[in-house]
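> Dropping the structure in here first, questions after.
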Amino acid sequence: MFKNIIKIMCLLSVIGTAENLHAQINQESNPVEAEFPTELETTWELDEAASIEYAKRSVYWNDNIAKLLPKLIATNKQIKYRFNENELVSECTRRH
């Protein structure tokens, strides 16, 4: 059950990031169309070392999370994200 919660939290984080990006690109208060930030127009991958360090600094860090983190990282490391001008594209690199 805990694994599913972590996966859902990660998914919600990515969705939230995409929604925030969409809101910034399509600002209704500004009648001039916003330009897409070119620094985002790249492929994004999980940084394993940085993710582990970030998780260890969390107030929620405990032995259960320490045990689950390698599997969570292995799962999410297989996914790459790419921001295009009007979309967020995800690609799974997992080999069967």
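Every chain in the structure tokens has a letter given in the order shown (A, B, ...), and although residue numbers restart at 1 in each chain, ligands are simply numbered from 1 in the order shown.
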Quick one: residues within 6 Å of region 88-93 of chain A, only C-alpha atoms counted, chain neighbours fewer than 2 positions away excluded, as a list in words?

Gln78, Ile79, Lys80, Tyr81, Arg82 and Phe83 of chain A

> Given only C-alpha atoms as the basis, pick out the residue of A:Asp63, A:Asp47, A:Glu41, A:Glu35 nearest to Asn76 (chain A).

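Among the listed residues, the smallest separation from Asn76 (chain A) belongs to A:Asp47.
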
> Kindly give the distance, in Å, that separates CA of Ser51 (chain A) and CA of Glu39 (chain A), rounded to a single decimal.

21.1 Å
